[in-house]
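File shown: entry_19.txt (compact mmCIF, C-alpha atoms and all ligand atoms).
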# COMPACT_ATOMS: atom_id res chain seq x y z
CA MET F 1 61.36 -12.30 15.66
CA SER F 2 61.89 -15.50 17.61
CA VAL F 3 62.04 -14.93 21.35
CA PRO F 4 63.07 -17.75 23.67
CA VAL F 5 60.46 -18.39 26.34
CA ARG F 6 61.59 -20.32 29.38
CA HIS F 7 59.14 -23.04 30.30
CA LYS F 8 58.93 -24.51 33.76
CA ARG F 9 61.32 -27.41 34.36
CA ARG F 10 59.29 -30.60 34.70
CA ILE F 11 59.78 -33.08 37.54
CA VAL F 12 58.28 -36.53 38.02
CA LEU F 13 58.05 -37.09 41.77
CA SER F 14 57.58 -40.64 42.99
CA THR F 15 58.14 -43.09 45.76
CA VAL F 16 58.98 -46.80 45.49
CA SER F 17 56.59 -49.74 45.19
CA SER F 18 56.51 -50.71 48.88
CA ASP F 19 56.15 -47.23 50.35
CA SER F 20 52.70 -45.96 51.40
CA HIS F 21 53.88 -42.71 53.05
CA THR F 22 52.53 -39.60 51.36
CA TRP F 23 53.35 -36.47 53.41
CA ASN F 24 56.97 -36.67 52.27
CA LEU F 25 55.66 -36.43 48.70
CA VAL F 26 53.32 -33.56 49.55
CA PHE F 27 56.18 -31.70 51.22
CA LEU F 28 58.49 -32.20 48.24
CA GLN F 29 55.81 -31.25 45.73
CA LEU F 30 55.21 -27.95 47.54
CA LEU F 31 58.94 -27.30 47.85
CA LEU F 32 59.52 -27.97 44.17
CA GLU F 33 56.53 -25.93 43.03
CA GLU F 34 57.72 -23.06 45.19
CA GLY F 35 61.06 -23.39 43.37
CA GLY F 36 59.27 -22.93 40.05
CA TYR F 37 59.10 -26.53 38.87
CA GLU F 38 56.09 -28.25 37.31
CA VAL F 39 55.56 -31.42 39.35
CA HIS F 40 53.87 -34.70 38.46
CA ASN F 41 53.41 -36.46 41.79
CA LEU F 42 52.71 -40.17 41.26
CA GLY F 43 51.61 -40.75 44.88
CA ALA F 44 52.17 -43.79 47.11
CA CYS F 45 53.29 -47.36 46.25
CA VAL F 46 54.44 -46.75 42.69
CA PRO F 47 55.28 -49.92 40.73
CA ASP F 48 58.52 -49.63 38.70
CA GLU F 49 56.61 -49.88 35.39
CA VAL F 50 54.31 -47.00 36.39
CA LEU F 51 57.32 -44.76 36.92
CA VAL F 52 58.75 -45.75 33.54
CA GLU F 53 55.41 -44.96 31.84
CA ALA F 54 55.21 -41.60 33.62
CA VAL F 55 58.69 -40.68 32.41
CA ARG F 56 57.72 -41.71 28.88
CA ARG F 57 54.56 -39.58 29.03
CA HIS F 58 55.77 -36.46 30.83
CA ARG F 59 59.39 -36.32 29.52
CA PRO F 60 60.62 -34.72 32.77
CA ASP F 61 63.89 -32.84 33.13
CA ALA F 62 64.55 -34.92 36.25
CA VAL F 63 62.98 -37.57 38.46
CA VAL F 64 62.89 -37.22 42.26
CA ILE F 65 62.30 -40.37 44.32
CA SER F 66 61.37 -40.11 47.99
CA SER F 67 61.07 -43.03 50.38
CA VAL F 68 60.85 -43.15 54.17
CA ASN F 69 59.71 -46.68 55.09
CA GLY F 70 63.24 -48.09 55.26
CA HIS F 71 63.07 -50.14 52.04
CA GLY F 72 64.08 -47.25 49.81
CA HIS F 73 67.64 -48.39 49.23
CA LEU F 74 66.48 -51.82 47.99
CA ASP F 75 63.39 -50.79 46.04
CA GLY F 76 65.14 -47.68 44.73
CA ALA F 77 68.10 -49.66 43.36
CA ARG F 78 65.71 -52.04 41.57
CA MET F 79 63.55 -49.18 40.29
CA ILE F 80 66.41 -47.28 38.68
CA ARG F 81 67.75 -50.41 37.01
CA VAL F 82 64.34 -50.97 35.40
CA LEU F 83 64.19 -47.33 34.27
CA GLN F 84 67.71 -47.36 32.86
CA ALA F 85 67.07 -50.62 30.99
CA ASP F 86 64.33 -48.94 28.92
CA ALA F 87 64.85 -49.08 25.16
CA ASP F 88 64.13 -45.34 24.77
CA PRO F 89 67.39 -43.48 25.50
CA ASP F 90 65.48 -40.37 26.64
CA VAL F 91 63.66 -42.44 29.26
CA ALA F 92 66.72 -44.41 30.30
CA GLY F 93 68.90 -41.29 30.47
CA VAL F 94 66.72 -39.02 32.59
CA PRO F 95 68.62 -37.85 35.70
CA VAL F 96 67.21 -39.41 38.86
CA MET F 97 67.83 -38.55 42.51
CA ILE F 98 66.60 -40.25 45.65
CA GLY F 99 66.21 -39.15 49.25
CA GLY F 100 64.48 -39.69 52.58
CA LYS F 101 64.85 -42.37 55.24
CA LEU F 102 66.34 -44.90 52.88
CA GLY F 103 67.19 -47.58 55.45
CA ILE F 104 66.41 -48.22 59.09
CA ARG F 105 69.61 -47.01 60.75
CA GLY F 106 68.99 -43.27 60.90
CA ALA F 107 72.12 -41.20 60.29
CA ALA F 108 74.18 -44.35 59.64
CA ASP F 109 72.16 -44.81 56.43
CA ALA F 110 74.47 -42.21 54.89
CA ASP F 111 76.67 -45.13 53.87
CA LEU F 112 73.93 -46.36 51.52
CA ALA F 113 74.66 -43.46 49.18
CA GLY F 114 77.58 -45.23 47.50
CA GLU F 115 75.56 -48.27 46.46
CA LEU F 116 72.68 -46.09 45.23
CA ILE F 117 75.03 -43.99 43.12
CA ALA F 118 76.55 -47.21 41.77
CA ALA F 119 73.02 -48.41 40.90
CA GLY F 120 72.52 -45.29 38.76
CA PHE F 121 71.20 -42.42 40.90
CA ARG F 122 72.81 -39.08 40.15
CA ALA F 123 72.38 -37.82 43.72
CA VAL F 124 71.38 -39.30 47.09
CA PHE F 125 70.02 -37.40 50.11
CA THR F 126 69.89 -39.40 53.32
CA GLU F 127 68.50 -38.15 56.64
CA GLY F 128 69.67 -34.72 57.68
CA ALA F 129 70.57 -33.59 54.16
CA ASP F 130 70.61 -29.85 53.66
CA PRO F 131 67.53 -28.72 51.63
CA ALA F 132 69.76 -26.09 50.00
CA ASP F 133 71.95 -28.89 48.60
CA PHE F 134 68.85 -30.53 47.18
CA GLY F 135 67.82 -27.33 45.41
CA ARG F 136 71.29 -26.73 44.00
CA THR F 137 71.73 -30.30 42.78
CA LEU F 138 68.30 -30.39 41.17
CA ASN F 139 69.01 -27.11 39.44
CA GLU F 140 72.16 -28.64 37.94
CA LEU F 141 70.59 -31.98 37.00
CA ALA F 142 67.41 -30.55 35.52
CA GLY F 143 69.51 -28.33 33.27
CA ALA F 144 68.17 -25.02 34.50
CA GLY F 145 69.06 -22.24 32.16
CA ALA F 146 69.29 -24.45 29.08
CA LEU F 147 66.59 -24.01 26.48
CA THR F 148 65.60 -26.91 24.25
CA ALA F 149 64.41 -26.38 20.69
CA ASP F 150 60.73 -26.80 21.54
CA GLU F 151 61.02 -24.13 24.22
CA ALA F 152 61.83 -21.42 21.75
CA VAL F 153 58.58 -20.07 20.35
CA ALA F 154 57.88 -17.33 17.88
CA ALA F 155 56.70 -14.17 19.56
C1 LIG J 1 52.66 -40.87 59.35
C2 LIG J 1 53.50 -42.12 59.32
C3 LIG J 1 52.93 -43.27 58.78
C4 LIG J 1 51.53 -43.31 58.17
C5 LIG J 1 51.64 -42.72 56.75
C6 LIG J 1 50.35 -42.01 56.33
C7 LIG J 1 50.54 -41.22 55.10
N1 LIG J 1 49.46 -41.00 54.39
O1 LIG J 1 51.64 -40.82 54.75
C8 LIG J 1 51.20 -44.83 58.19
C9 LIG J 1 50.49 -45.18 59.48
C10 LIG J 1 50.41 -45.37 57.01
C11 LIG J 1 52.61 -45.43 58.26
C12 LIG J 1 52.90 -46.73 57.91
C13 LIG J 1 54.14 -47.31 58.08
N2 LIG J 1 55.24 -46.75 58.64
CO1 LIG J 1 55.36 -44.88 59.04
N3 LIG J 1 55.59 -43.19 59.79
C14 LIG J 1 54.83 -42.14 59.83
C15 LIG J 1 55.56 -41.01 60.61
C16 LIG J 1 54.93 -40.97 62.02
C17 LIG J 1 55.49 -39.62 60.02
C18 LIG J 1 55.88 -39.57 58.53
C19 LIG J 1 55.49 -38.21 57.97
O2 LIG J 1 54.41 -38.04 57.43
N4 LIG J 1 56.41 -37.21 58.11
C20 LIG J 1 56.20 -35.88 57.55
C21 LIG J 1 57.00 -35.73 56.24
C22 LIG J 1 56.80 -34.33 55.68
O3 LIG J 1 58.37 -35.86 56.58
P1 LIG J 1 59.28 -37.12 56.19
O4 LIG J 1 58.42 -38.25 55.74
O5 LIG J 1 60.23 -37.40 57.29
O6 LIG J 1 60.09 -36.58 54.95
C23 LIG J 1 61.09 -35.59 55.19
C24 LIG J 1 62.50 -36.08 55.04
O7 LIG J 1 62.61 -37.50 55.15
C25 LIG J 1 62.95 -35.53 53.75
N5 LIG J 1 62.80 -36.33 52.53
C26 LIG J 1 61.94 -37.35 52.29
N6 LIG J 1 62.08 -37.77 51.04
C27 LIG J 1 63.07 -37.01 50.47
C28 LIG J 1 63.57 -37.03 49.16
C29 LIG J 1 64.57 -36.10 48.83
C30 LIG J 1 65.13 -36.09 47.44
C31 LIG J 1 65.02 -35.18 49.80
C32 LIG J 1 66.07 -34.18 49.45
C33 LIG J 1 64.51 -35.18 51.11
C34 LIG J 1 63.52 -36.09 51.41
O8 LIG J 1 62.19 -34.37 53.52
C35 LIG J 1 60.91 -34.49 54.17
C36 LIG J 1 60.61 -33.18 54.85
O9 LIG J 1 61.58 -32.85 55.78
C37 LIG J 1 57.03 -41.53 60.61
C38 LIG J 1 57.85 -41.18 61.87
C39 LIG J 1 58.38 -39.79 61.80
N7 LIG J 1 58.21 -39.07 62.84
O10 LIG J 1 58.97 -39.41 60.76
C40 LIG J 1 56.83 -43.05 60.50
C41 LIG J 1 57.91 -43.87 59.81
C42 LIG J 1 58.35 -43.20 58.52
N8 LIG J 1 57.18 -45.10 59.49
C43 LIG J 1 57.90 -46.15 59.62
C44 LIG J 1 57.46 -47.47 59.39
C45 LIG J 1 58.42 -48.60 59.70
C46 LIG J 1 56.18 -47.72 58.88
C47 LIG J 1 55.57 -49.09 58.60
C48 LIG J 1 56.49 -50.13 57.96
C49 LIG J 1 54.97 -49.59 59.92
C50 LIG J 1 54.39 -50.98 59.86
N9 LIG J 1 55.11 -51.91 60.52
O11 LIG J 1 53.38 -51.20 59.23
C51 LIG J 1 54.42 -48.72 57.65
C52 LIG J 1 54.95 -48.68 56.22
C53 LIG J 1 53.90 -48.97 55.28
C54 LIG J 1 54.49 -48.93 53.87
N10 LIG J 1 54.04 -49.88 53.08
O12 LIG J 1 55.28 -48.08 53.55
C55 LIG J 1 59.30 -45.84 60.11
C56 LIG J 1 60.37 -45.99 59.01
C57 LIG J 1 61.63 -46.58 59.61
C58 LIG J 1 62.90 -46.07 59.01
N11 LIG J 1 62.95 -45.71 57.74
O13 LIG J 1 63.86 -46.00 59.74
C59 LIG J 1 59.12 -44.39 60.67
C60 LIG J 1 60.35 -43.50 60.56
C61 LIG J 1 58.71 -44.56 62.16
C62 LIG J 1 59.81 -45.10 63.01
N12 LIG J 1 60.55 -44.24 63.69
O14 LIG J 1 60.05 -46.27 63.05
N13 LIG J 1 53.50 -44.52 58.70
In structure tokens, write the structure found in this file.
Ligand code: B12
Amino acid sequence: MSVPVRHKRRIVLSTVSSDSHTWNLVFLQLLLEEGGYEVHNLGACVPDEVLVEAVRRHRPDAVVISSVNGHGHLDGARMIRVLQADADPDVAGVPVMIGGKLGIRGAADADLAGELIAAGFRAVFTEGADPADFGRTLNELAGAGALTADEAVAA
């Protein structure tokens, strides 16, 4: 009898090329792992091409980008354009969200969300975002509950 086994949803967690902050990534990794996700944390200062390669290798259900140095809205917009220009539709089509201190204006950075969504992000979390919203959105984007063919194994 074939019994569907639910595997952990896979997340690639990254920051942008200019950003050397790491505790934001540690925090998010722990939060995601506590939520039952398998996390591939790429660490600080990730070049766009390294993110693309990581998505190609790990085939994540979603990508989470975190940036706090204030350049996130610029580097993030460039990064997602590079990812979405990839010839492999599975790489180009992976859902990506971004959050953190994405500019240098504190709460006023909320108005950066529109341009980041227009660039291709599926969700944007600026300062003060509710962690519960993050969990809910990720659950939706990463397709929780859906089983792919390779997740059904013979028991
Ligand atoms: C520690 C620190 C550093 C350390 C980092 C060491 C390390 N290994 O990480 C060092 C000294 C290297 C550093 C360097 C710089 N820093 Co610094 N740094 C900080 C500091 C004091 C704490 C950051 C931290 O670790 N917080 C703990 C983590 C857990 O929290 P967090 O980063 O805020 O992330 C939370 C949220 O933002 C959110 N979040 C983050 N990402 C995401 C993503 C999603 C999807 C979601 C939902 C939520 C989310 O969740 C996290 C948990 O609540 C902050 C000031 C502060 N008090 O925040 C400045 C700060 C981030 N740094 C800043 C700056 C400007 C710099 C430098 C440019 C300084 C310089 N002139 O050289 C460089 C940048 C270097 C670079 N290339 O990026 C500014 C950024 C300005 C802005 N965005 O408005 C800050 C805010 C200081 C300030 N008030 O001006 N920094």
Original post:
Counting all atoms listed in the file, which of F:Ala44, F:Leu116, F:Met79, F:Val50 gets nearest to ligand LIG 1 (chain J)?
Top reply: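 Among F:Ala44, F:Leu116, F:Met79, F:Val50, it is F:Ala44 that comes nearest to ligand LIG 1 (chain J).
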Closest pair table for chain F residues within 7 Å of ligand LIG 1 (chain J), all atoms listed in the file, as CSV:
residue,atom,partner,partner_atom,distance
F:Ser18,CA,J:LIG1,N10,4.9
F:Asp19,CA,J:LIG1,O12,3.4
F:Ser20,CA,J:LIG1,O12,4.0
F:His21,CA,J:LIG1,O1,3.4
F:Thr22,CA,J:LIG1,O1,3.7
F:Trp23,CA,J:LIG1,O2,4.4
F:Asn24,CA,J:LIG1,O4,4.1
F:Leu25,CA,J:LIG1,N6,7.0
F:Phe27,CA,J:LIG1,C22,5.2
F:Leu28,CA,J:LIG1,C35,6.8
F:Val64,CA,J:LIG1,C30,5.8
F:Ile65,CA,J:LIG1,C30,6.0
F:Ser66,CA,J:LIG1,N6,3.9
F:Ser67,CA,J:LIG1,N6,5.4
F:Val68,CA,J:LIG1,N11,4.9
F:Asn69,CA,J:LIG1,C56,4.0
F:Gly70,CA,J:LIG1,N11,3.4
F:Met97,CA,J:LIG1,C30,6.1
F:Ile98,CA,J:LIG1,C30,4.8
F:Gly99,CA,J:LIG1,C28,3.4
F:Gly100,CA,J:LIG1,N6,3.4
F:Lys101,CA,J:LIG1,N11,4.6
F:Leu102,CA,J:LIG1,N11,6.0
F:Gly103,CA,J:LIG1,N11,5.2
F:Ile104,CA,J:LIG1,O13,3.4
F:Arg105,CA,J:LIG1,O13,5.9
F:Gly106,CA,J:LIG1,O13,5.9
F:Phe125,CA,J:LIG1,C32,5.1
F:Glu127,CA,J:LIG1,O7,6.1
F:Ala129,CA,J:LIG1,C32,6.5
F:Pro131,CA,J:LIG1,C32,6.1
F:Phe134,CA,J:LIG1,C32,5.1
Subject >> Nearest-residue call for Asp88 of chain F, choices F:Val52, F:Thr137, F:Leu31, F:Pro47, using only C-alpha atoms >> reply: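 Using only C-alpha atoms, Asp88 of chain F sits closest to F:Val52.
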Original post:
atom CA of Glu140 of chain F and atom CA of Arg10 of chain F, how far apart in Å?
Top reply: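 Interatomic distance, atom CA of Arg10 of chain F to atom CA of Glu140 of chain F: 13.4 Å.
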Subject >> Given all atoms listed in the file as the counted atoms, nearest of F:Ile80, F:Leu138, F:Val96, F:Val12 to Ala119 of chain F >> reply: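 Under the stated criterion, the closest residue is F:Ile80.
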Subject >> Length of the atom CA of Leu30 of chain F to atom CA of Leu13 of chain F vector [Å] >> reply: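 These two atoms are separated by 11.2 Å.
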Original post:
Could you work out how far atom CA of His71 of chain F lies from atom CA of Arg57 of chain F, giving the answer in Å with one decimal?
Top reply: 26.7 Å
Subject >> Spatial sel., origin (70.8, -49.0, 35.9), limit 8 Å, only C-alpha atoms, listed as a ChimeraX atom specification >> reply: /F:77,80-85,119-120
How would the residues just picked look written out with C-alpha atoms as a compact mmCIF listing (two decimals), in the frame of the given file?
# COMPACT_ATOMS: atom_id res chain seq x y z
CA ALA F 77 68.10 -49.66 43.36
CA ILE F 80 66.41 -47.28 38.68
CA ARG F 81 67.75 -50.41 37.01
CA VAL F 82 64.34 -50.97 35.40
CA LEU F 83 64.19 -47.33 34.27
CA GLN F 84 67.71 -47.36 32.86
CA ALA F 85 67.07 -50.62 30.99
CA ALA F 119 73.02 -48.41 40.90
CA GLY F 120 72.52 -45.29 38.76
Subject >> Shell around Gly143 of chain F at 9 Å using all atoms listed in the file, local window under 6 positions removed, as a list of chain:residue names >> reply: F:Arg9, F:Asp61, F:Ala62
Subject >> From F:Pro60, F:Gly114, F:Pro95, F:Gly76, residue lying nearest Val46 of chain F [all atoms listed in the file] >> reply: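 With all atoms listed in the file as the atom set, the closest residue is F:Gly76.
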Subject >> Nearest-residue call for Val94 of chain F, choices F:Ala108, F:Val63, F:Leu74, F:Cys45, using all atoms listed in the file >> reply: F:Val63
